[in-house]
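Engineer: This one is data-v7.cif, mmCIF, C-alpha atoms.
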```
data_run
loop_
_atom_site.group_PDB
_atom_site.id
_atom_site.type_symbol
_atom_site.label_atom_id
_atom_site.label_comp_id
_atom_site.auth_asym_id
_atom_site.auth_seq_id
_atom_site.Cartn_x
_atom_site.Cartn_y
_atom_site.Cartn_z
ATOM 1 C CA MET A 1 0.000 0.000 0.000
ATOM 2 C CA ASP A 2 1.282 3.449 -0.936
ATOM 3 C CA ALA A 3 0.425 4.792 2.472
ATOM 4 C CA ARG A 4 2.956 2.554 4.150
ATOM 5 C CA LYS A 5 5.832 3.470 1.872
ATOM 6 C CA THR A 6 5.673 7.126 2.774
ATOM 7 C CA ALA A 7 6.949 8.547 6.025
ATOM 8 C CA ASP A 8 4.493 9.519 8.769
ATOM 9 C CA LYS A 9 4.942 13.175 8.014
ATOM 10 C CA ALA A 10 4.091 12.829 4.338
ATOM 11 C CA PRO A 11 0.950 10.726 4.111
ATOM 12 C CA THR A 12 -0.607 10.077 0.732
ATOM 13 C CA LYS A 13 -3.246 12.553 -0.276
ATOM 14 C CA LYS A 14 -6.558 11.408 1.091
ATOM 15 C CA GLU A 15 -9.728 12.789 -0.355
ATOM 16 C CA THR A 16 -13.122 12.911 1.211
ATOM 17 C CA SER A 17 -15.652 11.774 -1.339
ATOM 18 C CA VAL A 18 -19.368 12.418 -1.056
ATOM 19 C CA LYS A 19 -21.840 10.956 -3.461
ATOM 20 C CA ARG A 20 -25.507 10.406 -3.802
ATOM 21 C CA ASN A 21 -26.438 6.815 -4.426
ATOM 22 C CA SER A 22 -29.462 5.530 -6.300
ATOM 23 C CA ASP A 23 -31.623 5.776 -3.189
ATOM 24 C CA ARG A 24 -30.667 9.399 -2.978
ATOM 25 C CA GLU A 25 -28.661 8.928 0.147
ATOM 26 C CA LEU A 26 -25.297 10.447 0.740
ATOM 27 C CA VAL A 27 -22.285 8.247 1.160
ATOM 28 C CA VAL A 28 -19.053 9.697 2.510
ATOM 29 C CA THR A 29 -15.776 7.826 2.180
ATOM 30 C CA ARG A 30 -12.227 8.548 3.307
ATOM 31 C CA LYS A 31 -9.023 6.612 3.870
ATOM 32 C CA PHE A 32 -6.810 6.927 6.948
ATOM 33 C CA ASN A 33 -3.214 5.873 7.488
ATOM 34 C CA ALA A 34 -3.824 3.925 10.681
ATOM 35 C CA PRO A 35 -5.191 0.522 11.662
ATOM 36 C CA ALA A 36 -8.986 0.156 11.980
ATOM 37 C CA ARG A 37 -8.632 -0.353 15.741
ATOM 38 C CA ILE A 38 -7.241 3.166 16.177
ATOM 39 C CA VAL A 39 -9.692 4.819 13.766
ATOM 40 C CA PHE A 40 -12.585 3.035 15.503
ATOM 41 C CA ASP A 41 -11.347 4.289 18.876
ATOM 42 C CA ALA A 42 -11.369 7.827 17.526
ATOM 43 C CA TRP A 43 -15.103 7.428 16.808
ATOM 44 C CA THR A 44 -16.000 5.870 20.151
ATOM 45 C CA LYS A 45 -13.775 7.441 22.808
ATOM 46 C CA PRO A 46 -14.987 10.905 23.827
ATOM 47 C CA GLU A 47 -11.500 12.278 24.473
ATOM 48 C CA LEU A 48 -10.504 11.381 20.905
ATOM 49 C CA LEU A 49 -13.768 12.207 19.140
ATOM 50 C CA MET A 50 -13.881 15.664 20.715
ATOM 51 C CA ARG A 51 -10.605 16.476 19.017
ATOM 52 C CA TRP A 52 -11.942 16.157 15.488
ATOM 53 C CA TRP A 53 -15.768 16.178 15.314
ATOM 54 C CA THR A 54 -16.017 19.977 15.493
ATOM 55 C CA PRO A 55 -13.485 21.401 13.050
ATOM 56 C CA LYS A 56 -12.162 24.754 14.213
ATOM 57 C CA SER A 57 -12.929 26.347 10.856
ATOM 58 C CA PHE A 58 -16.648 25.829 11.527
ATOM 59 C CA GLY A 59 -16.565 27.760 14.781
ATOM 60 C CA ILE A 60 -18.364 25.025 16.739
ATOM 61 C CA SER A 61 -17.089 23.815 20.113
ATOM 62 C CA PHE A 62 -17.944 20.855 22.291
ATOM 63 C CA LEU A 63 -19.655 21.471 25.616
ATOM 64 C CA SER A 64 -20.005 17.804 26.494
ATOM 65 C CA CYS A 65 -19.601 14.420 24.878
ATOM 66 C CA GLU A 66 -20.977 11.166 26.252
ATOM 67 C CA ILE A 67 -20.470 7.897 24.392
ATOM 68 C CA ASP A 68 -21.456 4.405 25.473
ATOM 69 C CA ALA A 69 -20.333 2.516 22.386
ATOM 70 C CA ARG A 70 -22.033 -0.810 22.998
ATOM 71 C CA THR A 71 -24.978 -2.278 21.140
ATOM 72 C CA GLY A 72 -27.952 -0.652 22.869
ATOM 73 C CA GLY A 73 -25.768 2.066 24.384
ATOM 74 C CA SER A 74 -26.339 5.747 23.719
ATOM 75 C CA TYR A 75 -24.494 8.946 22.888
ATOM 76 C CA ARG A 76 -25.106 12.598 23.592
ATOM 77 C CA PHE A 77 -23.132 15.510 22.123
ATOM 78 C CA GLN A 78 -23.606 19.124 23.074
ATOM 79 C CA PHE A 79 -22.137 21.952 21.012
ATOM 80 C CA SER A 80 -22.042 25.679 21.144
ATOM 81 C CA HIS A 81 -21.628 28.200 18.373
ATOM 82 C CA PRO A 82 -21.059 31.932 18.877
ATOM 83 C CA ALA A 83 -24.039 32.701 16.624
ATOM 84 C CA MET A 84 -26.425 30.549 18.644
ATOM 85 C CA GLU A 85 -28.032 31.480 21.897
ATOM 86 C CA ASN A 86 -28.679 27.930 23.068
ATOM 87 C CA PRO A 87 -26.417 24.919 22.787
ATOM 88 C CA MET A 88 -27.242 22.281 20.181
ATOM 89 C CA THR A 89 -27.741 18.738 21.418
ATOM 90 C CA PHE A 90 -27.433 15.622 19.303
ATOM 91 C CA PHE A 91 -28.275 12.218 20.711
ATOM 92 C CA GLY A 92 -29.247 8.695 19.824
ATOM 93 C CA LYS A 93 -28.620 5.007 20.393
ATOM 94 C CA TYR A 94 -26.091 2.577 19.044
ATOM 95 C CA ILE A 95 -28.097 -0.112 17.263
ATOM 96 C CA GLU A 96 -25.040 -2.127 16.411
ATOM 97 C CA VAL A 97 -21.436 -1.964 17.524
ATOM 98 C CA LYS A 98 -18.857 -4.363 16.124
ATOM 99 C CA PRO A 99 -15.524 -3.321 17.567
ATOM 100 C CA HIS A 100 -13.111 -2.056 14.929
ATOM 101 C CA SER A 101 -15.408 -2.770 11.990
ATOM 102 C CA CYS A 102 -18.891 -1.291 12.250
ATOM 103 C CA LEU A 103 -20.948 1.341 14.075
ATOM 104 C CA VAL A 104 -24.663 1.960 13.551
ATOM 105 C CA TRP A 105 -26.483 4.713 15.391
ATOM 106 C CA THR A 106 -29.820 6.511 15.363
ATOM 107 C CA ASN A 107 -30.219 10.280 15.197
ATOM 108 C CA ASP A 108 -32.988 11.015 17.666
ATOM 109 C CA GLU A 109 -32.669 14.738 18.326
ATOM 110 C CA GLY A 110 -35.430 15.577 15.831
ATOM 111 C CA GLY A 111 -37.979 13.239 17.452
ATOM 112 C CA GLY A 112 -39.682 10.378 15.655
ATOM 113 C CA GLU A 113 -37.903 7.784 13.608
ATOM 114 C CA ARG A 114 -35.012 9.415 11.856
ATOM 115 C CA ALA A 115 -32.159 8.465 9.628
ATOM 116 C CA VAL A 116 -29.775 5.794 10.827
ATOM 117 C CA THR A 117 -26.072 6.340 10.309
ATOM 118 C CA THR A 118 -23.854 3.394 9.465
ATOM 119 C CA VAL A 119 -20.080 3.669 9.537
ATOM 120 C CA THR A 120 -17.847 0.827 8.442
ATOM 121 C CA PHE A 121 -14.101 0.517 8.983
ATOM 122 C CA GLU A 122 -12.189 -1.679 6.543
ATOM 123 C CA GLU A 123 -8.531 -2.250 7.227
ATOM 124 C CA ARG A 124 -6.142 -3.083 4.433
ATOM 125 C CA ASP A 125 -2.365 -3.114 4.717
ATOM 126 C CA GLY A 126 -2.439 -0.985 7.839
ATOM 127 C CA ALA A 127 -4.692 1.718 6.356
ATOM 128 C CA THR A 128 -8.416 2.041 7.002
ATOM 129 C CA LEU A 129 -11.218 2.923 4.623
ATOM 130 C CA VAL A 130 -14.122 4.616 6.389
ATOM 131 C CA THR A 131 -17.533 4.574 4.694
ATOM 132 C CA MET A 132 -20.401 6.484 6.228
ATOM 133 C CA ARG A 133 -23.993 6.435 5.035
ATOM 134 C CA ASP A 134 -27.327 7.741 6.249
ATOM 135 C CA VAL A 135 -30.188 5.314 5.759
ATOM 136 C CA TYR A 136 -33.806 5.422 6.778
ATOM 137 C CA PRO A 137 -34.732 2.187 8.601
ATOM 138 C CA SER A 138 -37.885 1.613 6.563
ATOM 139 C CA LYS A 139 -40.097 3.232 3.988
ATOM 140 C CA ASP A 140 -42.622 3.908 6.760
ATOM 141 C CA ALA A 141 -40.007 5.697 8.799
ATOM 142 C CA LEU A 142 -39.073 7.800 5.828
ATOM 143 C CA ASP A 143 -42.701 8.635 5.106
ATOM 144 C CA ALA A 144 -43.229 9.492 8.762
ATOM 145 C CA ALA A 145 -40.223 11.769 8.748
ATOM 146 C CA ILE A 146 -41.536 13.536 5.677
ATOM 147 C CA ALA A 147 -45.090 13.765 7.004
ATOM 148 C CA SER A 148 -43.898 15.193 10.328
ATOM 149 C CA GLY A 149 -42.208 17.943 8.353
ATOM 150 C CA SER A 150 -38.796 17.031 9.669
ATOM 151 C CA THR A 151 -36.024 18.093 7.421
ATOM 152 C CA SER A 152 -33.121 16.100 6.204
ATOM 153 C CA GLY A 153 -30.054 17.807 4.889
ATOM 154 C CA PHE A 154 -31.864 18.759 1.736
ATOM 155 C CA GLY A 155 -34.618 20.474 3.653
ATOM 156 C CA GLU A 156 -31.959 22.206 5.676
ATOM 157 C CA ALA A 157 -30.370 23.452 2.475
ATOM 158 C CA PHE A 158 -33.661 24.988 1.470
ATOM 159 C CA GLU A 159 -34.055 26.602 4.851
ATOM 160 C CA GLN A 160 -30.640 28.141 4.435
ATOM 161 C CA LEU A 161 -31.621 29.338 0.993
ATOM 162 C CA ASP A 162 -34.530 31.006 2.722
ATOM 163 C CA ASP A 163 -32.121 32.865 4.953
ATOM 164 C CA VAL A 164 -29.974 33.886 2.047
ATOM 165 C CA LEU A 165 -32.694 35.029 -0.296
ATOM 166 C CA PRO A 166 -33.913 38.083 1.643
ATOM 167 C CA ALA A 167 -30.313 39.263 1.874
ATOM 168 C CA LEU A 168 -29.879 38.880 -1.862
ATOM 169 C CA LYS A 169 -33.031 40.814 -2.472
ATOM 170 C CA ALA A 170 -31.974 43.700 -0.250
ATOM 171 C CA MET B 1 -31.111 40.585 -16.527
ATOM 172 C CA VAL B 2 -31.088 42.004 -13.011
ATOM 173 C CA GLN B 3 -34.820 42.271 -13.099
ATOM 174 C CA PHE B 4 -35.127 38.713 -14.351
ATOM 175 C CA GLN B 5 -32.948 37.484 -11.484
ATOM 176 C CA GLU B 6 -34.973 39.425 -8.995
ATOM 177 C CA THR B 7 -38.182 37.921 -10.318
ATOM 178 C CA LEU B 8 -36.644 34.475 -10.079
ATOM 179 C CA LEU B 9 -35.527 35.120 -6.492
ATOM 180 C CA ASN B 10 -38.942 36.420 -5.557
ATOM 181 C CA SER B 11 -40.629 33.365 -7.015
ATOM 182 C CA THR B 12 -38.153 31.016 -5.299
ATOM 183 C CA PHE B 13 -38.682 32.747 -1.998
ATOM 184 C CA ALA B 14 -42.457 32.540 -2.342
ATOM 185 C CA ALA B 15 -42.273 28.908 -3.400
ATOM 186 C CA LEU B 16 -40.226 27.953 -0.348
ATOM 187 C CA SER B 17 -42.261 29.910 2.173
ATOM 188 C CA ASP B 18 -44.848 27.130 2.368
ATOM 189 C CA PRO B 19 -44.231 23.978 4.451
ATOM 190 C CA THR B 20 -46.186 21.727 2.062
ATOM 191 C CA ARG B 21 -44.081 22.890 -0.851
ATOM 192 C CA ARG B 22 -40.923 22.226 1.128
ATOM 193 C CA GLY B 23 -42.312 18.780 1.875
ATOM 194 C CA VAL B 24 -42.980 18.180 -1.807
ATOM 195 C CA LEU B 25 -39.393 19.071 -2.663
ATOM 196 C CA GLU B 26 -38.159 16.802 0.114
ATOM 197 C CA GLN B 27 -40.279 14.002 -1.322
ATOM 198 C CA LEU B 28 -39.151 14.596 -4.911
ATOM 199 C CA TRP B 29 -35.552 14.654 -3.793
ATOM 200 C CA ARG B 30 -35.994 11.014 -2.826
ATOM 201 C CA LYS B 31 -38.232 9.874 -5.632
ATOM 202 C CA ASP B 32 -40.198 11.260 -8.597
ATOM 203 C CA ALA B 33 -43.945 11.230 -7.991
ATOM 204 C CA SER B 34 -47.221 11.945 -9.744
ATOM 205 C CA ILE B 35 -49.494 14.786 -8.654
ATOM 206 C CA THR B 36 -51.987 12.196 -7.372
ATOM 207 C CA GLU B 37 -49.344 10.466 -5.255
ATOM 208 C CA LEU B 38 -48.228 13.792 -3.817
ATOM 209 C CA ALA B 39 -51.818 14.786 -3.058
ATOM 210 C CA GLU B 40 -52.340 11.519 -1.162
ATOM 211 C CA LYS B 41 -49.085 11.830 0.745
ATOM 212 C CA PHE B 42 -49.878 15.344 1.884
ATOM 213 C CA ASP B 43 -53.517 14.591 2.439
ATOM 214 C CA MET B 44 -54.955 17.188 0.101
ATOM 215 C CA THR B 45 -56.999 17.361 -3.102
ATOM 216 C CA VAL B 46 -55.386 16.895 -6.508
ATOM 217 C CA THR B 47 -56.454 20.452 -7.372
ATOM 218 C CA GLY B 48 -54.751 21.803 -4.253
ATOM 219 C CA MET B 49 -51.566 19.888 -5.025
ATOM 220 C CA LYS B 50 -51.613 21.099 -8.650
ATOM 221 C CA LYS B 51 -51.502 24.666 -7.362
ATOM 222 C CA HIS B 52 -48.506 23.958 -5.125
ATOM 223 C CA VAL B 53 -46.693 22.167 -7.934
ATOM 224 C CA GLY B 54 -47.472 25.076 -10.257
ATOM 225 C CA VAL B 55 -45.818 27.521 -7.863
ATOM 226 C CA LEU B 56 -42.758 25.258 -7.559
ATOM 227 C CA GLU B 57 -42.629 24.826 -11.327
ATOM 228 C CA ASN B 58 -42.701 28.587 -11.958
ATOM 229 C CA ALA B 59 -39.745 28.942 -9.610
ATOM 230 C CA GLY B 60 -37.787 26.279 -11.508
ATOM 231 C CA LEU B 61 -37.739 24.044 -8.433
ATOM 232 C CA VAL B 62 -39.906 21.345 -9.983
ATOM 233 C CA ALA B 63 -40.247 20.068 -13.531
ATOM 234 C CA THR B 64 -43.278 18.109 -14.686
ATOM 235 C CA GLU B 65 -43.890 15.821 -17.606
ATOM 236 C CA LYS B 66 -47.194 14.406 -18.736
ATOM 237 C CA VAL B 67 -47.138 10.843 -19.952
ATOM 238 C CA GLY B 68 -50.563 9.616 -20.965
ATOM 239 C CA ARG B 69 -52.895 10.749 -18.213
ATOM 240 C CA VAL B 70 -50.260 10.947 -15.497
ATOM 241 C CA ARG B 71 -48.270 14.086 -14.737
ATOM 242 C CA THR B 72 -44.960 13.135 -13.154
ATOM 243 C CA CYS B 73 -43.072 15.632 -11.019
ATOM 244 C CA LYS B 74 -39.325 15.699 -10.487
ATOM 245 C CA LEU B 75 -36.781 18.193 -9.264
ATOM 246 C CA GLY B 76 -36.234 21.196 -11.514
ATOM 247 C CA LEU B 77 -32.874 22.634 -12.510
ATOM 248 C CA ARG B 78 -32.868 25.199 -9.745
ATOM 249 C CA ALA B 79 -33.530 22.546 -7.104
ATOM 250 C CA LEU B 80 -30.726 20.435 -8.520
ATOM 251 C CA ALA B 81 -28.384 23.418 -8.188
ATOM 252 C CA VAL B 82 -29.384 23.847 -4.546
ATOM 253 C CA GLU B 83 -28.835 20.158 -3.987
ATOM 254 C CA ALA B 84 -25.403 20.276 -5.579
ATOM 255 C CA ALA B 85 -24.525 23.198 -3.301
ATOM 256 C CA TRP B 86 -25.706 21.245 -0.259
ATOM 257 C CA ILE B 87 -23.691 18.170 -1.218
ATOM 258 C CA GLU B 88 -20.638 20.375 -1.565
ATOM 259 C CA LYS B 89 -21.264 21.904 1.863
ATOM 260 C CA HIS B 90 -21.650 18.428 3.333
ATOM 261 C CA ARG B 91 -18.401 17.381 1.672
ATOM 262 C CA LEU B 92 -16.556 20.410 3.054
ATOM 263 C CA LEU B 93 -17.752 19.639 6.595
ATOM 264 C CA TRP B 94 -16.668 16.015 6.405
ATOM 265 C CA ALA B 95 -13.411 16.879 4.673
ATOM 266 C CA ALA B 96 -12.631 19.299 7.520
ATOM 267 C CA ARG B 97 -13.607 16.746 10.166
ATOM 268 C CA PHE B 98 -11.591 14.008 8.521
ATOM 269 C CA ASP B 99 -8.518 16.197 8.220
ATOM 270 C CA GLU B 100 -8.668 16.608 11.994
ATOM 271 C CA LEU B 101 -9.383 12.896 12.483
ATOM 272 C CA ASP B 102 -6.325 12.143 10.377
ATOM 273 C CA LYS B 103 -4.143 14.050 12.827
ATOM 274 C CA VAL B 104 -5.687 12.226 15.787
ATOM 275 C CA VAL B 105 -5.307 8.680 14.442
ATOM 276 C CA GLU B 106 -1.802 9.272 13.129
ATOM 277 C CA GLU B 107 -0.745 10.695 16.470
ATOM 278 C CA VAL B 108 -2.200 7.714 18.367
ATOM 279 C CA ASP B 109 -0.595 5.355 15.858
ATOM 280 C CA ARG B 110 2.776 7.070 16.248
ATOM 281 C CA LYS B 111 2.565 6.974 20.031
ATOM 282 C CA GLU B 112 1.700 3.278 20.008
ATOM 283 C CA LYS B 113 4.558 2.489 17.676
ATOM 284 C CA SER B 114 7.109 4.424 19.692
ATOM 285 C CA GLY B 115 5.714 2.862 22.881
ATOM 286 C CA GLY B 116 6.100 -0.563 21.279
ATOM 287 C CA ARG B 117 9.671 0.158 20.274
ATOM 288 C CA LYS B 118 10.555 1.134 23.813
ATOM 289 C CA LYS B 119 9.090 -2.087 25.137
ATOM 290 C CA ASN B 120 10.956 -4.132 22.583
ATOM 291 C CA GLY B 121 14.189 -2.214 23.061
#
```
As a first step, turn the structure in this file into structure tokens.
Structural biologist:
Amino acid sequence: MDARKTADKAPTKKETSVKRNSDRELVVTRKFNAPARIVFDAWTKPELLMRWWTPKSFGISFLSCEIDARTGGSYRFQFSHPAMENPMTFFGKYIEVKPHSCLVWTNDEGGGERAVTTVTFEERDGATLVTMRDVYPSKDALDAAIASGSTSGFGEAFEQLDDVLPALKA
Amino acid sequence: MVQFQETLLNSTFAALSDPTRRGVLEQLWRKDASITELAEKFDMTVTGMKKHVGVLENAGLVATEKVGRVRTCKLGLRALAVEAAWIEKHRLLWAARFDELDKVVEEVDRKEKSGGRKKNG
């Protein structure tokens, strides 16, 4: 593997790819120069996750981070942003946890049945490919989410457009 | 040109101000649908749904095509542009997160390796 030939300080260029699959879901992939065990830890240990989940360039900071990465366990993240009066809370349950290979969690902050996030970790020659996808558990759940007026990312994009439009008109 | 853009912005803004119309876009983002299907999903009359779709169509957010007796609705060019912008925003967020994650895992990896060397040596 190329990644192993290069020195630690000069890793191969790793690109984050995002694509929409046929079900119109987004799939994010990225490769890391470390064994799956370490990458998995970075997704399940609060002290590690807090170091990367809120990139500085986005101006968000962690207030608290609780993770119980066991099947049936739960997580709760709380963030603050200078532009927001109240902190944002994200929480849900781990539906499936296979150490070092797979994490599946629900996104419950919006209420109702929401998208389920699946992250897989595939190790090859010391490097790890991470694949993340958002999937609705069932057609009914998806319909319910739509009927309840909850917004997925796409809805969010339109809400942001709403914010932008009056400014453009001014 | 400026006036045309302003008209387009006004129509987009009006089209998005209604929760049902947002819901329709959300639905069409996942799957094309006929007016009748949309009317059923949003529990309204076909006539009512036609009006909503008409507003979305005028704003370029929805495109419709009539095949036989069924009018099928799908995302319009303007909606596709918004979607592309959202995907790019999503990609930027994850790219930024993963750049930070990279630093974390490589640091842990390095520490483990140097720790291992000490033990062995």
Engineer: With a cut-off of 9 Å and counting only C-alpha atoms, select all residues of chain B in contact with chain A and give the selection as a PyMOL selection string.
Structural biologist: chain B and resi 6+9-10+12-13+16-17+19-20+22-27+29-31+41-42+79+82-83+85-88+90-106+108-110
Engineer: Which polymer residues, whether protein, DNA or RNA, lie within 10 Å of the coordinate (-52.9, 17.6, -3.9) when you count only C-alpha atoms? List them as an NGL selection string, using the chain letters and numbers from the file.
Structural biologist: :B and (20 or 34-53)
Engineer: Just want the 12 Å neighbourhood of segment 64-75 of chain A, counted on all atoms listed in the file, with same-chain residues fewer than 2 positions away dropped. Output as a PyMOL selection string.
Structural biologist: chain A and resi 40-51+53-54+61-62+77-80+87-100+102-109
Engineer: Would you give the centre and edge lengths, in Å to one decimal, of a box along x, y and z around the listed atoms of segment 62-67 of chain A, with 4 Å added to each side, as AutoDock Vina command-line options?
Structural biologist:
```
--center_x -19.5 --center_y 14.7 --center_z 24.4 --size_x 11.0 --size_y 21.6 --size_z 12.2
```
Engineer: Record the distance separating atom CA of Thr128 of chain A and atom CA of Ser114 of chain B, expressed in Å with one decimal.
Structural biologist: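 That distance, rounded to one decimal, is 20.2 Å.
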Engineer: Name the closest residue to Ala63 of chain B among the candidates B:Lys113, B:Lys89, B:Arg78, B:Arg21; distances are taken between atoms, counting only C-alpha atoms.
Structural biologist: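 That would be B:Arg78, the residue with the smallest distance to Ala63 of chain B.
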Engineer: Rounded to one decimal, what separation in Å do you get between atom CA of Gly76 of chain B and atom CA of Asn58 of chain B?
Structural biologist: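 Atom CA of Asn58 of chain B lies at a distance of 9.8 Å from atom CA of Gly76 of chain B.
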Engineer: Taking the file as shown, find all residues satisfying the PyMOL selection byres ((chain B and resi 65-72) around 6) and write them as a list in words.
Structural biologist: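 So the PyMOL selection byres ((chain B and resi 65-72) around 6), applied here, picks out Ala33, Ser34, Thr64 and Cys73 of chain B.
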Engineer: Emit the selected residues as a short mmCIF file (atom, residue, chain, number, x, y, z; two decimals), keeping the file's coordinate frame, including C-alpha atoms.
Structural biologist:
```cif
data_model
loop_
_atom_site.label_atom_id
_atom_site.label_comp_id
_atom_site.auth_asym_id
_atom_site.auth_seq_id
_atom_site.Cartn_x
_atom_site.Cartn_y
_atom_site.Cartn_z
CA ALA B 33 -43.94 11.23 -7.99
CA SER B 34 -47.22 11.94 -9.74
CA THR B 64 -43.28 18.11 -14.69
CA CYS B 73 -43.07 15.63 -11.02
#
```
Engineer: In Å, rounded to a single decimal, give me how far atom CA of Asp32 of chain B is from atom CA of Val135 of chain A.
Structural biologist: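 The value is 18.5 Å.
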